[in-house]
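Data from structure_34.txt: compact mmCIF, C-alpha atoms
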# COMPACT_ATOMS: atom_id res chain seq x y z
CA MET D 1 48.16 -13.46 -28.25
CA LYS D 2 48.56 -10.17 -26.43
CA MET D 3 46.54 -7.15 -27.49
CA ALA D 4 46.83 -3.45 -26.64
CA ILE D 5 43.61 -1.43 -26.74
CA ILE D 6 43.84 2.37 -26.75
CA PRO D 7 40.42 3.94 -26.04
CA ALA D 8 40.19 7.32 -27.76
CA ARG D 9 36.77 8.82 -28.30
CA GLY D 10 36.08 12.06 -30.09
CA GLY D 11 34.16 14.97 -28.61
CA SER D 12 36.43 16.01 -25.73
CA LYS D 13 35.21 19.33 -24.32
CA ARG D 14 37.78 20.83 -21.94
CA ILE D 15 40.60 20.29 -24.44
CA PRO D 16 39.14 20.15 -27.97
CA LYS D 17 40.45 17.20 -30.02
CA LYS D 18 42.47 16.21 -26.97
CA ASN D 19 43.45 12.74 -28.15
CA ILE D 20 45.09 13.97 -31.35
CA LYS D 21 46.20 17.45 -30.28
CA PRO D 22 49.91 18.04 -31.03
CA PHE D 23 52.05 17.41 -27.95
CA ALA D 24 55.75 18.31 -28.17
CA GLY D 25 55.60 17.98 -31.94
CA LYS D 26 53.26 15.06 -32.63
CA PRO D 27 49.70 13.92 -31.82
CA ILE D 28 49.52 12.88 -28.20
CA ILE D 29 47.98 9.51 -29.04
CA ALA D 30 51.10 8.68 -31.05
CA TYR D 31 53.08 8.35 -27.80
CA SER D 32 50.78 5.61 -26.51
CA ILE D 33 50.88 3.79 -29.83
CA GLU D 34 54.67 4.00 -29.98
CA VAL D 35 55.25 2.84 -26.41
CA ALA D 36 53.05 -0.20 -27.07
CA GLN D 37 54.95 -1.01 -30.25
CA LYS D 38 58.39 -0.47 -28.69
CA SER D 39 57.56 -2.79 -25.79
CA GLY D 40 57.66 -5.73 -28.21
CA LEU D 41 54.86 -7.42 -26.29
CA PHE D 42 51.84 -6.97 -28.50
CA ASP D 43 50.60 -8.90 -31.49
CA ARG D 44 48.05 -6.16 -32.17
CA VAL D 45 47.83 -2.50 -31.15
CA ILE D 46 44.24 -1.37 -31.69
CA VAL D 47 42.65 2.05 -31.22
CA SER D 48 38.99 1.98 -30.22
CA THR D 49 37.36 5.19 -31.43
CA ASP D 50 34.15 6.61 -32.80
CA SER D 51 36.02 9.36 -34.69
CA ASP D 52 37.21 9.16 -38.30
CA GLU D 53 39.76 11.89 -37.57
CA ILE D 54 41.24 10.00 -34.62
CA ALA D 55 41.21 6.84 -36.74
CA ASP D 56 43.21 8.53 -39.51
CA VAL D 57 45.83 9.87 -37.08
CA SER D 58 46.08 6.48 -35.36
CA LEU D 59 46.60 4.67 -38.64
CA GLN D 60 49.32 7.15 -39.61
CA SER D 61 50.98 6.45 -36.25
CA GLY D 62 51.04 2.72 -36.90
CA ALA D 63 48.03 1.40 -34.99
CA GLU D 64 45.12 -0.66 -36.27
CA VAL D 65 41.60 0.76 -36.29
CA PRO D 66 39.56 -2.23 -37.46
CA PHE D 67 36.19 -1.06 -36.14
CA ARG D 68 34.34 2.04 -35.00
CA ARG D 69 33.16 2.19 -31.43
CA PRO D 70 29.35 2.45 -31.18
CA ALA D 71 27.89 5.78 -30.13
CA GLU D 72 26.53 4.42 -26.86
CA LEU D 73 30.13 3.72 -25.79
CA ALA D 74 31.46 7.11 -26.83
CA ASP D 75 29.71 9.62 -24.60
CA ASP D 76 30.86 11.37 -21.42
CA HIS D 77 29.53 8.55 -19.24
CA SER D 78 31.10 5.59 -21.03
CA GLY D 79 33.37 3.61 -18.74
CA THR D 80 36.70 2.15 -19.73
CA ASN D 81 35.68 -1.41 -18.86
CA ALA D 82 32.69 -1.28 -21.21
CA VAL D 83 34.97 -0.11 -24.02
CA MET D 84 37.44 -2.91 -23.26
CA LYS D 85 34.65 -5.50 -23.23
CA HIS D 86 33.48 -4.30 -26.62
CA ALA D 87 36.98 -4.64 -28.11
CA ILE D 88 37.57 -8.08 -26.60
CA GLN D 89 34.19 -9.31 -27.81
CA TRP D 90 34.95 -7.92 -31.26
CA ALA D 91 38.21 -9.90 -31.32
CA GLY D 92 36.32 -13.02 -30.28
CA ARG D 93 33.96 -12.64 -33.22
CA GLN D 94 37.02 -12.55 -35.47
CA GLY D 95 38.14 -15.86 -34.04
CA GLN D 96 40.88 -14.34 -31.88
CA ARG D 97 41.14 -14.97 -28.15
CA PRO D 98 43.87 -12.87 -26.56
CA SER D 99 45.59 -14.34 -23.52
CA TYR D 100 46.31 -10.88 -22.09
CA VAL D 101 44.92 -7.44 -22.89
CA CYS D 102 46.35 -4.05 -21.97
CA CYS D 103 44.36 -0.83 -21.94
CA ILE D 104 46.69 2.12 -22.58
CA TYR D 105 45.23 5.59 -22.27
CA PRO D 106 45.77 7.88 -25.28
CA THR D 107 47.04 10.80 -23.19
CA ALA D 108 49.99 9.14 -21.42
CA PRO D 109 53.10 10.68 -23.02
CA LEU D 110 55.20 10.09 -19.88
CA LEU D 111 54.66 6.33 -20.02
CA ARG D 112 57.77 4.19 -20.61
CA THR D 113 58.13 0.78 -22.25
CA THR D 114 59.68 -0.54 -19.04
CA ASP D 115 56.41 0.28 -17.23
CA ILE D 116 54.41 -1.76 -19.73
CA VAL D 117 56.86 -4.67 -19.52
CA SER D 118 56.87 -4.58 -15.72
CA GLY D 119 53.07 -4.66 -15.67
CA PHE D 120 52.97 -7.71 -17.91
CA GLU D 121 55.65 -9.56 -15.97
CA LYS D 122 53.88 -8.91 -12.67
CA LEU D 123 50.52 -10.08 -13.98
CA SER D 124 51.73 -13.12 -15.91
CA SER D 125 53.79 -14.41 -12.96
CA SER D 126 50.89 -14.06 -10.51
CA ASP D 127 47.39 -15.40 -10.00
CA LYS D 128 45.94 -11.87 -10.14
CA GLN D 129 43.44 -10.55 -12.69
CA PHE D 130 44.88 -7.08 -13.29
CA SER D 131 48.09 -5.10 -12.97
CA PHE D 132 48.06 -1.34 -13.34
CA SER D 133 50.06 1.79 -12.65
CA VAL D 134 49.81 3.63 -9.34
CA THR D 135 51.75 6.44 -7.72
CA GLU D 136 52.02 7.77 -4.18
CA PHE D 137 50.05 10.79 -3.03
CA PRO D 138 52.52 13.69 -2.63
CA PHE D 139 51.23 14.47 0.87
CA PRO D 140 49.93 12.07 3.57
CA ILE D 141 46.18 11.79 3.03
CA LEU D 142 45.69 10.88 6.70
CA ARG D 143 46.44 14.55 7.40
CA SER D 144 43.57 15.63 5.10
CA VAL D 145 41.14 18.33 6.16
CA ARG D 146 37.66 19.25 5.01
CA LEU D 147 36.36 22.77 4.56
CA LYS D 148 33.08 23.54 6.28
CA GLU D 149 30.87 26.64 6.44
CA SER D 150 32.74 29.96 6.29
CA ASP D 151 35.86 28.04 5.22
CA THR D 152 36.48 26.67 8.69
CA ILE D 153 38.68 23.59 8.79
CA GLU D 154 38.05 20.16 10.27
CA ALA D 155 40.49 17.25 10.29
CA ILE D 156 39.05 14.19 8.57
CA TRP D 157 41.19 11.88 10.70
CA PRO D 158 41.95 13.94 13.82
CA GLU D 159 43.68 10.99 15.49
CA HIS D 160 46.51 11.29 12.96
CA VAL D 161 47.14 15.05 13.32
CA PRO D 162 49.69 14.68 16.17
CA LYS D 163 51.69 12.05 14.28
CA ARG D 164 54.81 12.74 12.26
CA SER D 165 54.26 12.51 8.51
CA GLN D 166 56.95 9.82 8.22
CA ASP D 167 55.01 7.67 10.68
CA LEU D 168 51.83 7.69 8.60
CA GLU D 169 50.98 4.93 6.18
CA PRO D 170 51.69 5.97 2.57
CA ALA D 171 48.70 6.02 0.23
CA PHE D 172 48.64 5.49 -3.52
CA HIS D 173 46.27 6.36 -6.34
CA ASP D 174 45.60 5.16 -9.87
CA ALA D 175 48.18 6.74 -12.19
CA GLY D 176 45.76 6.58 -15.13
CA GLN D 177 48.21 5.23 -17.69
CA PHE D 178 47.73 1.51 -18.33
CA TYR D 179 45.76 -1.53 -17.16
CA TRP D 180 46.89 -5.05 -17.95
CA GLY D 181 44.23 -7.68 -17.50
CA ARG D 182 43.18 -11.17 -18.32
CA PRO D 183 40.35 -10.98 -20.88
CA GLU D 184 37.92 -12.72 -18.54
CA ALA D 185 38.56 -10.07 -15.90
CA PHE D 186 37.35 -7.33 -18.24
CA LEU D 187 34.48 -9.44 -19.57
CA ASN D 188 33.28 -10.42 -16.09
CA GLU D 189 33.80 -6.91 -14.70
CA VAL D 190 36.12 -8.00 -11.92
CA MET D 191 36.67 -5.11 -9.51
CA LEU D 192 39.90 -3.29 -10.35
CA PHE D 193 40.54 -1.74 -6.93
CA SER D 194 40.75 -5.00 -5.04
CA THR D 195 43.10 -7.79 -4.03
CA GLN D 196 42.64 -9.11 -7.57
CA SER D 197 45.06 -6.44 -8.81
CA ILE D 198 48.80 -5.97 -8.46
CA ALA D 199 50.46 -2.55 -8.58
CA VAL D 200 53.18 -1.13 -10.78
CA VAL D 201 54.47 1.86 -8.81
CA LEU D 202 55.50 4.86 -10.91
CA PRO D 203 57.43 7.88 -9.63
CA THR D 204 55.25 10.92 -9.06
CA PHE D 205 57.24 13.04 -11.52
CA ARG D 206 56.08 10.78 -14.37
CA VAL D 207 52.38 10.91 -13.52
CA MET D 208 50.13 13.77 -14.56
CA ASP D 209 46.43 13.95 -15.40
CA ILE D 210 45.90 16.06 -18.50
CA ASP D 211 42.40 17.50 -18.16
CA THR D 212 42.87 21.25 -18.72
CA PRO D 213 45.01 23.48 -20.96
CA ASP D 214 47.14 24.28 -17.92
CA ASP D 215 47.70 20.56 -17.30
CA TRP D 216 48.67 20.19 -20.94
CA GLN D 217 51.31 22.91 -20.77
CA ARG D 218 52.83 21.52 -17.58
CA ALA D 219 52.89 17.99 -19.04
CA GLU D 220 54.71 19.23 -22.14
CA LEU D 221 57.31 21.00 -20.02
CA MET D 222 57.79 17.86 -17.91
CA TYR D 223 58.06 15.66 -21.00
CA LEU D 224 60.70 17.92 -22.59
CA ALA D 225 62.68 18.03 -19.32
CA LEU D 226 62.60 14.23 -18.98
CA LYS D 227 63.45 13.78 -22.65
CA GLY D 228 66.46 16.01 -22.22
CA THR D 229 67.78 13.92 -19.34
CA GLY D 230 67.06 10.56 -20.96
CA ASN D 231 64.35 9.63 -18.45
CA ILE D 232 61.66 8.99 -21.04
CA ASP D 233 61.49 6.75 -24.09
Hey, can you dump this file as structure tokens for me?
Amino acid sequence: MKMAIIPARGGSKRIPKKNIKPFAGKPIIAYSIEVAQKSGLFDRVIVSTDSDEIADVSLQSGAEVPFRRPAELADDHSGTNAVMKHAIQWAGRQGQRPSYVCCIYPTAPLLRTTDIVSGFEKLSSSDKQFSFSVTEFPFPILRSVRLKESDTIEAIWPEHVPKRSQDLEPAFHDAGQFYWGRPEAFLNEVMLFSTQSIAVVLPTFRVMDIDTPDDWQRAELMYLALKGTGNID
């Protein structure tokens, strides 16, 4: 059995009701629910939330909300792995032992079904514990600088300043969209950023953190542009 878990707590501050705020015509969480369903991979698509309002929207969008997340896992300091452990343990108490679990963030409207499928195929054909989405930094981080007193600049890696950008090693970061894992990896808190993980590389134009109203507006514009060119589900 394969299970998708979408962690969506209430109480977001920078963007009120962020997880159910309308995005290009429908609640943003609906995109994550739909991409999980369209992938055809999951036996269950479950939203983990502490909010009745989020639960109602999730149910209307076709997900299951079979439990409420406890308050101690729904504050600003609650980590994703703890939320995933709670959901997996809940499933175990119901007599269900998923073979693979995928955490899909509720604010990932640029995610495609092919990304989810690629992540599963990479994990299931390997001996790794996780597969998750990454994307390349838009500028070589080895050319990074730090600002010191009076806004003076200092190179963090001065040995790389004379090098051409194309000669520098590319660097990648977590795209913040999905995390496939073996249940034991979540339960045993295996380190995600390690050789136990395999990457699914996404293009930079389909990766955007949505943390502020400005981010939200730019993400909507990007989504509509990609939708118009057929580059999004």
**Message:** I want to know what sits within 12 Å of stretch 22-26 of chain D, based on only C-alpha atoms, with residues of the same chain fewer than 6 positions away left out; could you give that as JSON, numbers by chain?
**Reply:** {"D": [15, 16, 32, 33, 34, 57, 58, 60, 61, 106, 107, 108, 109, 110, 210, 213, 215, 216, 217, 218, 219, 220, 221, 222, 223, 224, 225, 227]}
List as JSON lines every residue of stretch 109-213 of chain D that is in contact with stretch 84-102 of chain D, defined as an atom at most 7 Å from one of its atoms (using all atoms listed in the file), together with the nearest atom pair and the distance in Å rounded to one decimal, sorted by chain and then rising number.
{"residue": "D:Phe178", "atom": "CA", "partner": "D:Cys102", "partner_atom": "CA", "distance": 6.8}
{"residue": "D:Tyr179", "atom": "CA", "partner": "D:Cys102", "partner_atom": "CA", "distance": 5.5}
{"residue": "D:Trp180", "atom": "CA", "partner": "D:Cys102", "partner_atom": "CA", "distance": 4.2}
{"residue": "D:Gly181", "atom": "CA", "partner": "D:Val101", "partner_atom": "CA", "distance": 5.4}
{"residue": "D:Arg182", "atom": "CA", "partner": "D:Tyr100", "partner_atom": "CA", "distance": 4.9}
{"residue": "D:Pro183", "atom": "CA", "partner": "D:Tyr100", "partner_atom": "CA", "distance": 6.1}
{"residue": "D:Phe186", "atom": "CA", "partner": "D:Lys85", "partner_atom": "CA", "distance": 6.0}
{"residue": "D:Leu187", "atom": "CA", "partner": "D:Lys85", "partner_atom": "CA", "distance": 5.4}
**Asked** Which one is closest to D:Phe130: D:Val47, D:Ser165, D:Leu192, D:Leu73? Count all atoms listed in the file.
**Response**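 Of D:Val47, D:Ser165, D:Leu192, D:Leu73, the one nearest D:Phe130, counting all atoms listed in the file, is D:Leu192.
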**Request:** Show which residues sit within 8 Å of D:Leu111, as a list of chain:residue names. Count all atoms listed in the file, and ignore same-chain residues fewer than 4 positions away.
**Result:**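 After dropping sequence-adjacent residues, the list is D:Ser32, D:Val35, D:Asp115, D:Gln177, D:Arg206, D:Ile232, D:Asp233.
Relative to atom CA of D:Asn231, atom CA of D:Pro170 is found at 24.8 Å.
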**Request:** State, in Å with one decimal place, the distance from atom CA of D:Pro162 to atom CA of D:Val145.
**Result:**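 Interatomic distance, atom CA of D:Pro162 to atom CA of D:Val145: 13.7 Å.
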**Prompt:** Restricting the calculation to all atoms listed in the file, which member of D:Glu189, D:Asp50, D:Glu121, D:Glu154 is positioned closest to D:Ala8?
**Reply:**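 Closest candidate: D:Asp50.
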**Request:** Identify, on the basis of all atoms listed in the file, every residue whose closest approach to D:Phe137 does not exceed 6 Å; exclude the query and any residue fewer than 2 positions from it along the same chain; express the result as an MDAnalysis selection string.
**Result:** chainID D and resid 139 171:172
**Request:** Give the answer as one residue: which of D:Ala199, D:Leu142, D:Ile153, D:Arg68 has the shortest atom-to-atom distance to D:Asp167, using only C-alpha atoms?
**Result:**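 Checking each of D:Ala199, D:Leu142, D:Ile153, D:Arg68 against D:Asp167, counting only C-alpha atoms, the winner is D:Leu142.
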**Message:** I'd like the neighbourhood of D:Val134 as a list in words, where a residue qualifies if any of its atoms comes within 7 Å (using all atoms listed in the file), though same-chain residues fewer than 3 positions away should be ignored.
**Reply:**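 My list of contacting residues is Phe172, His173, Asp174, Ala175, Ala199, Val200, Val201 and Leu202 of chain D.
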**Item:** Interatomic distance (Å, one decimal) between atom CA of D:Thr113 and atom CA of D:Lys38
**Value:**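 Distance between the two atoms: 6.6 Å.
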Using the file's own x, y and z axes, so that the box edges lie along x, y and z, what centre and edge lengths in Å (one decimal) does a box around every listed atom of stretch 155-171 of chain D get when 3 Å is added on each side? Give it as JSON.
{"center_x": 48.0, "center_y": 11.1, "center_z": 8.2, "size_x": 23.9, "size_y": 18.3, "size_z": 21.9}
**Message:** Nearest residue to D:Ser126 out of D:Leu168, D:Ile198, D:Ala185, D:Met191, using only C-alpha atoms?
**Reply:**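 Going through D:Leu168, D:Ile198, D:Ala185, D:Met191 one by one, the smallest distance to D:Ser126 is for D:Ile198.
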**Request:** Could you check which of D:Pro138, D:Gly176, D:Pro70, D:Gly10 is closest to D:Val207, using only C-alpha atoms?
**Result:**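 Ranked by minimum distance to D:Val207, first place goes to D:Gly176.
Closest approach to D:Lys13 from the set D:Asp75, D:Glu159, D:Glu184, D:Glu169 is made by D:Asp75, with distances taken over all atoms listed in the file.
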